[in-house]
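Enquirer: Next up is a structure, given as structure tokens.
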Amino acid sequence: MPAEETGATGTAGAAGELSPAARRLYAYAVERHAFDATEATGALGVRAAAAITELAAAHLLQRAPGGGPERWSAVAPRAAAARALAPMALLVRETHDEMDRLRGRLEALVPAYEAGTAHRDLSGSGRLELVTDLGAVRGLIAELAASCERELLTSQPGGGRPLETLEESIGRDESLLTRGVRMRTIYQHTARYSRPTAAYVERVTALGAQVRTLGDGLMRMLVFDGQTGLMAVPERTGAALVVREPSVVHFMTSAFERSWLGAEPFPTSVSPDAARSISDELRQTIVRLLSEGLEDKVIARRLGMSERTCQRHIAEIMRAVGAKSRFQAGYLLSATPTPTPSPAPTPIPAGPPESAGPA
């Protein structure tokens, strides 16, 4: 039989839909006890060799008992399925057995874990836990969100959030809101100029979430039901400190509430007047941070904008006070009233957000 008739068709018959020729041949085979390729070719009008190979690979044909090596007979579909699935069923059983063995080995450690956590809880050390793996942090956030019943507080500095982070969050947050969980979020002012962030805000606020923005002073954190908090870890990107100590969670909640009172509602569209007002407020904050002697990248990170945008505004402020160096500008700004630079023609764009903890 030619090679081109025994290759791909056999694989297709075993793994996918049967070809029309194979279906016709199977119907032909079911009507008789046995046949050979010549008889099938004469009856069907096409060469049957490739269809025989396809049906044999699917276990729908077998060598006819006592009929010689070239004669075939049909196999019932259920019997063919049992034969085809036998190796897979064996693999599934072996996998389940291995899962049971692994579960048994791990569950054997449960008594030691429970004894250790009981001792840890008595000492209070179990109420703070450092999680350094980003995947573990995300899994923990998903778990806490799934069990959240009353309110989720979120404080997210850094300007506009990455699109992939928003896509990951939207399903979880919509599920929270549809369950009746109250959700309040604070971003920085620069997040208003991020289209993906604004689109996300529009979706969640339509379901009852409340979102506000603030210029500076935010810490990255989440608080679930006033009982469990997640806090960013300085200089440890992707890490989080899990807080279950009631007094610390209360402090985190109080800090959020103070920021919330001073924050402004996040509009889904920014009017020119609102953009100019926020831009002026951001410049005033830059002046304050510059007078404290902070570096450009530190100021940019605190305000959630790109370092390049921050440097442009610092240059404008230096021109406004007549300073020729950052040192001179810092001295003049600390010794004189805060200058008011000329309004920018466009809003301050948010630069790439700088991650510092759980997204």
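Chain identifiers are assigned as A, B, and so on, following the order in which chains appear in the structure tokens; residues are numbered from 1 within each chain, and ligands are numbered from 1 in order of appearance.
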Could you build a table of the residues in stretch 73-140 of chain A lying no more than 12 Å from stretch 210-227 of chain A, giving for each the nearest pair of atoms and their separation in Å rounded to one decimal place, using only C-alpha atoms, ordered by chain and ascending residue number, as a Markdown table?

Expert:
```
| residue | atom | partner | partner_atom | distance |
| --- | --- | --- | --- | --- |
| A:Arg127 | CA | A:Gln227 | CA | 10.8 |
| A:Val137 | CA | A:Leu222 | CA | 11.8 |
| A:Leu140 | CA | A:Leu222 | CA | 11.6 |
```

Enquirer: Write the residues you've just listed into a file as a compact mmCIF listing (two decimals), in the first residue's frame, and include N, CA and C atoms for each of them.

Expert:
```
# COMPACT_ATOMS: atom_id res chain seq x y z
N ARG A 127 0.79 36.87 63.52
CA ARG A 127 -0.10 37.89 62.98
C ARG A 127 0.56 38.77 61.93
N VAL A 137 1.54 36.06 46.36
CA VAL A 137 0.79 37.26 46.76
C VAL A 137 -0.52 37.35 45.98
N LEU A 140 -2.95 34.85 47.26
CA LEU A 140 -3.49 35.25 48.55
C LEU A 140 -4.55 36.34 48.38
```

Enquirer: What lies within 12 Å of A:Ser175 using only C-alpha atoms, ignoring chain neighbours under 6 positions off, as a PyMOL selection string?

Expert: chain A and resi 142+145-149+169+181-183+204+207-209

Enquirer: Within 8 Å of stretch 39-44 of chain A, counting only C-alpha atoms, which residues qualify if same-chain residues fewer than 4 places away don't, as a VMD selection string?

Expert: chain A and resid 24 to 25 28 35 48

Enquirer: Store the residues picked out above, limited to all heavy atoms, as a short mmCIF file (atom, residue, chain, number, x, y, z; two decimals), in the first residue's frame.

Expert:
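Result written to again.cif:
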```
data_model
loop_
_atom_site.label_atom_id
_atom_site.label_comp_id
_atom_site.auth_asym_id
_atom_site.auth_seq_id
_atom_site.Cartn_x
_atom_site.Cartn_y
_atom_site.Cartn_z
N ARG A 24 -17.92 5.79 5.04
CA ARG A 24 -18.57 4.91 4.06
C ARG A 24 -18.06 3.49 4.19
O ARG A 24 -18.83 2.53 4.14
CB ARG A 24 -18.31 5.43 2.65
CG ARG A 24 -19.02 6.74 2.32
CD ARG A 24 -18.65 7.23 0.93
NE ARG A 24 -18.97 6.22 -0.09
CZ ARG A 24 -18.48 6.23 -1.32
NH1 ARG A 24 -17.60 7.16 -1.66
NH2 ARG A 24 -18.83 5.29 -2.18
N LEU A 25 -16.74 3.36 4.39
CA LEU A 25 -16.18 2.02 4.52
C LEU A 25 -16.67 1.35 5.79
O LEU A 25 -16.93 0.13 5.79
CB LEU A 25 -14.65 2.10 4.51
CG LEU A 25 -13.93 0.76 4.68
CD1 LEU A 25 -14.28 -0.18 3.52
CD2 LEU A 25 -12.43 0.96 4.77
N TYR A 28 -20.04 0.00 5.20
CA TYR A 28 -19.91 -1.19 4.35
C TYR A 28 -19.46 -2.39 5.19
O TYR A 28 -19.99 -3.49 5.05
CB TYR A 28 -18.89 -0.88 3.24
CG TYR A 28 -18.48 -2.07 2.41
CD1 TYR A 28 -19.27 -2.50 1.33
CD2 TYR A 28 -17.31 -2.76 2.68
CE1 TYR A 28 -18.88 -3.59 0.55
CE2 TYR A 28 -16.91 -3.85 1.92
CZ TYR A 28 -17.71 -4.26 0.86
OH TYR A 28 -17.33 -5.34 0.09
N PHE A 35 -14.23 -8.66 4.86
CA PHE A 35 -13.98 -8.16 3.51
C PHE A 35 -12.49 -7.90 3.38
O PHE A 35 -11.75 -7.86 4.37
CB PHE A 35 -14.78 -6.88 3.27
CG PHE A 35 -14.29 -5.71 4.06
CD1 PHE A 35 -13.37 -4.81 3.54
CD2 PHE A 35 -14.71 -5.52 5.38
CE1 PHE A 35 -12.90 -3.74 4.29
CE2 PHE A 35 -14.25 -4.45 6.13
CZ PHE A 35 -13.34 -3.57 5.59
N ALA A 48 -9.73 1.76 -1.13
CA ALA A 48 -10.13 1.68 0.28
C ALA A 48 -8.95 1.54 1.22
O ALA A 48 -9.15 1.51 2.44
CB ALA A 48 -11.08 0.50 0.47
#
```

Enquirer: Quick one: of A:Thr185, A:Ser325, A:Thr197, A:Glu316, who's nearest to A:Phe256, counting only C-alpha atoms?

Expert: A:Thr185

Enquirer: Report, in Å with one decimal, the straight-line distance from atom CA of A:Val249 to atom CA of A:Gly229.

Expert: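 Interatomic distance here is 5.9 Å.
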
Enquirer: Quick check for you: according to DSSP on this backbone, which residues of stretch 225-321 of chain A are classed as strand (DSSP E)? Reply as a PyMOL selection string.

Expert: chain A and resi 228-232+240-243+264-265

Enquirer: Neighbours of stretch 240-243 of chain A within 7 Å (only C-alpha atoms; same-chain residues fewer than 6 positions away dropped), as a PyMOL selection string?

Expert: chain A and resi 127-132+137+228-233+249+357-358

Enquirer: Could those selected residues go to a file with all heavy atoms, as an mmCIF file, in the first residue's frame?

Expert:
```
data_model
loop_
_atom_site.group_PDB
_atom_site.id
_atom_site.type_symbol
_atom_site.label_atom_id
_atom_site.label_comp_id
_atom_site.auth_asym_id
_atom_site.auth_seq_id
_atom_site.Cartn_x
_atom_site.Cartn_y
_atom_site.Cartn_z
ATOM 1 N N ARG A 127 0.787 36.871 63.516
ATOM 2 C CA ARG A 127 -0.104 37.889 62.978
ATOM 3 C C ARG A 127 0.560 38.769 61.928
ATOM 4 O O ARG A 127 -0.091 39.631 61.356
ATOM 5 C CB ARG A 127 -0.632 38.745 64.132
ATOM 6 C CG ARG A 127 -1.477 37.924 65.111
ATOM 7 C CD ARG A 127 -1.869 38.703 66.340
ATOM 8 N NE ARG A 127 -2.641 37.874 67.271
ATOM 9 C CZ ARG A 127 -3.051 38.260 68.451
ATOM 10 N NH1 ARG A 127 -2.763 39.488 68.870
ATOM 11 N NH2 ARG A 127 -3.740 37.444 69.234
ATOM 12 N N LEU A 128 1.841 38.553 61.689
ATOM 13 C CA LEU A 128 2.568 39.235 60.629
ATOM 14 C C LEU A 128 3.290 38.171 59.805
ATOM 15 O O LEU A 128 4.000 37.342 60.346
ATOM 16 C CB LEU A 128 3.584 40.233 61.184
ATOM 17 C CG LEU A 128 3.038 41.420 61.987
ATOM 18 C CD1 LEU A 128 4.191 42.248 62.535
ATOM 19 C CD2 LEU A 128 2.123 42.284 61.124
ATOM 20 N N GLU A 129 3.095 38.220 58.493
ATOM 21 C CA GLU A 129 3.703 37.210 57.622
ATOM 22 C C GLU A 129 4.239 37.895 56.363
ATOM 23 O O GLU A 129 3.510 38.631 55.691
ATOM 24 C CB GLU A 129 2.671 36.151 57.237
ATOM 25 C CG GLU A 129 3.205 35.086 56.287
ATOM 26 C CD GLU A 129 2.106 34.121 55.843
ATOM 27 O OE1 GLU A 129 0.943 34.302 56.267
ATOM 28 O OE2 GLU A 129 2.419 33.217 55.067
ATOM 29 N N LEU A 130 5.503 37.660 56.055
ATOM 30 C CA LEU A 130 6.118 38.230 54.864
ATOM 31 C C LEU A 130 6.012 37.227 53.722
ATOM 32 O O LEU A 130 6.487 36.094 53.831
ATOM 33 C CB LEU A 130 7.586 38.576 55.127
ATOM 34 C CG LEU A 130 8.364 39.147 53.940
ATOM 35 C CD1 LEU A 130 7.770 40.481 53.497
ATOM 36 C CD2 LEU A 130 9.838 39.315 54.296
ATOM 37 N N VAL A 131 5.393 37.649 52.623
ATOM 38 C CA VAL A 131 5.266 36.812 51.429
ATOM 39 C C VAL A 131 6.072 37.490 50.317
ATOM 40 O O VAL A 131 5.767 38.621 49.925
ATOM 41 C CB VAL A 131 3.794 36.652 50.998
ATOM 42 C CG1 VAL A 131 3.684 35.758 49.769
ATOM 43 C CG2 VAL A 131 2.963 36.083 52.147
ATOM 44 N N THR A 132 7.097 36.809 49.837
ATOM 45 C CA THR A 132 8.015 37.436 48.877
ATOM 46 C C THR A 132 7.775 37.007 47.439
ATOM 47 O O THR A 132 8.295 37.636 46.526
ATOM 48 C CB THR A 132 9.468 37.101 49.245
ATOM 49 O OG1 THR A 132 9.640 35.675 49.258
ATOM 50 C CG2 THR A 132 9.811 37.651 50.622
ATOM 51 N N VAL A 137 1.537 36.060 46.359
ATOM 52 C CA VAL A 137 0.795 37.264 46.757
ATOM 53 C C VAL A 137 -0.517 37.350 45.984
ATOM 54 O O VAL A 137 -1.586 37.612 46.549
ATOM 55 C CB VAL A 137 1.652 38.521 46.533
ATOM 56 C CG1 VAL A 137 0.817 39.784 46.754
ATOM 57 C CG2 VAL A 137 2.854 38.534 47.464
ATOM 58 N N THR A 228 -7.932 41.697 57.848
ATOM 59 C CA THR A 228 -6.665 41.282 57.248
ATOM 60 C C THR A 228 -6.192 42.369 56.295
ATOM 61 O O THR A 228 -6.968 42.850 55.469
ATOM 62 C CB THR A 228 -6.817 39.955 56.477
ATOM 63 O OG1 THR A 228 -7.362 38.967 57.346
ATOM 64 C CG2 THR A 228 -5.465 39.477 55.957
ATOM 65 N N GLY A 229 -4.920 42.749 56.433
ATOM 66 C CA GLY A 229 -4.351 43.767 55.562
ATOM 67 C C GLY A 229 -3.143 43.235 54.817
ATOM 68 O O GLY A 229 -2.427 42.348 55.296
ATOM 69 N N LEU A 230 -2.923 43.768 53.624
ATOM 70 C CA LEU A 230 -1.709 43.508 52.861
ATOM 71 C C LEU A 230 -1.019 44.843 52.635
ATOM 72 O O LEU A 230 -1.657 45.818 52.219
ATOM 73 C CB LEU A 230 -2.017 42.849 51.509
ATOM 74 C CG LEU A 230 -1.990 41.317 51.480
ATOM 75 C CD1 LEU A 230 -3.172 40.775 52.270
ATOM 76 C CD2 LEU A 230 -2.032 40.801 50.044
ATOM 77 N N MET A 231 0.267 44.873 52.906
ATOM 78 C CA MET A 231 1.025 46.115 52.855
ATOM 79 C C MET A 231 2.268 45.916 51.997
ATOM 80 O O MET A 231 2.893 44.848 52.034
ATOM 81 C CB MET A 231 1.418 46.505 54.288
ATOM 82 C CG MET A 231 2.126 47.815 54.441
ATOM 83 S SD MET A 231 2.673 48.055 56.178
ATOM 84 C CE MET A 231 1.118 47.834 57.063
ATOM 85 N N ALA A 232 2.616 46.924 51.194
ATOM 86 C CA ALA A 232 3.814 46.843 50.368
ATOM 87 C C ALA A 232 5.058 46.797 51.242
ATOM 88 O O ALA A 232 5.073 47.313 52.356
ATOM 89 C CB ALA A 232 3.877 48.038 49.421
ATOM 90 N N VAL A 233 6.099 46.146 50.722
ATOM 91 C CA VAL A 233 7.370 46.045 51.423
ATOM 92 C C VAL A 233 8.383 46.917 50.697
ATOM 93 O O VAL A 233 8.641 46.704 49.514
ATOM 94 C CB VAL A 233 7.860 44.586 51.470
ATOM 95 C CG1 VAL A 233 9.183 44.487 52.214
ATOM 96 C CG2 VAL A 233 6.808 43.687 52.113
ATOM 97 N N VAL A 249 -4.005 46.465 61.779
ATOM 98 C CA VAL A 249 -5.045 46.587 60.751
ATOM 99 C C VAL A 249 -5.891 47.830 61.008
ATOM 100 O O VAL A 249 -6.270 48.549 60.074
ATOM 101 C CB VAL A 249 -5.924 45.318 60.721
ATOM 102 C CG1 VAL A 249 -7.085 45.495 59.730
ATOM 103 C CG2 VAL A 249 -5.097 44.101 60.333
ATOM 104 N N GLY A 357 4.962 46.235 45.620
ATOM 105 C CA GLY A 357 4.137 45.403 46.449
ATOM 106 C C GLY A 357 3.011 44.798 45.674
ATOM 107 O O GLY A 357 3.065 44.708 44.454
ATOM 108 N N PRO A 358 1.952 44.358 46.337
ATOM 109 C CA PRO A 358 0.873 43.652 45.659
ATOM 110 C C PRO A 358 0.157 44.544 44.684
ATOM 111 O O PRO A 358 -0.206 45.661 45.004
ATOM 112 C CB PRO A 358 -0.057 43.240 46.821
ATOM 113 C CG PRO A 358 0.260 44.182 47.915
ATOM 114 C CD PRO A 358 1.724 44.501 47.771
#
```
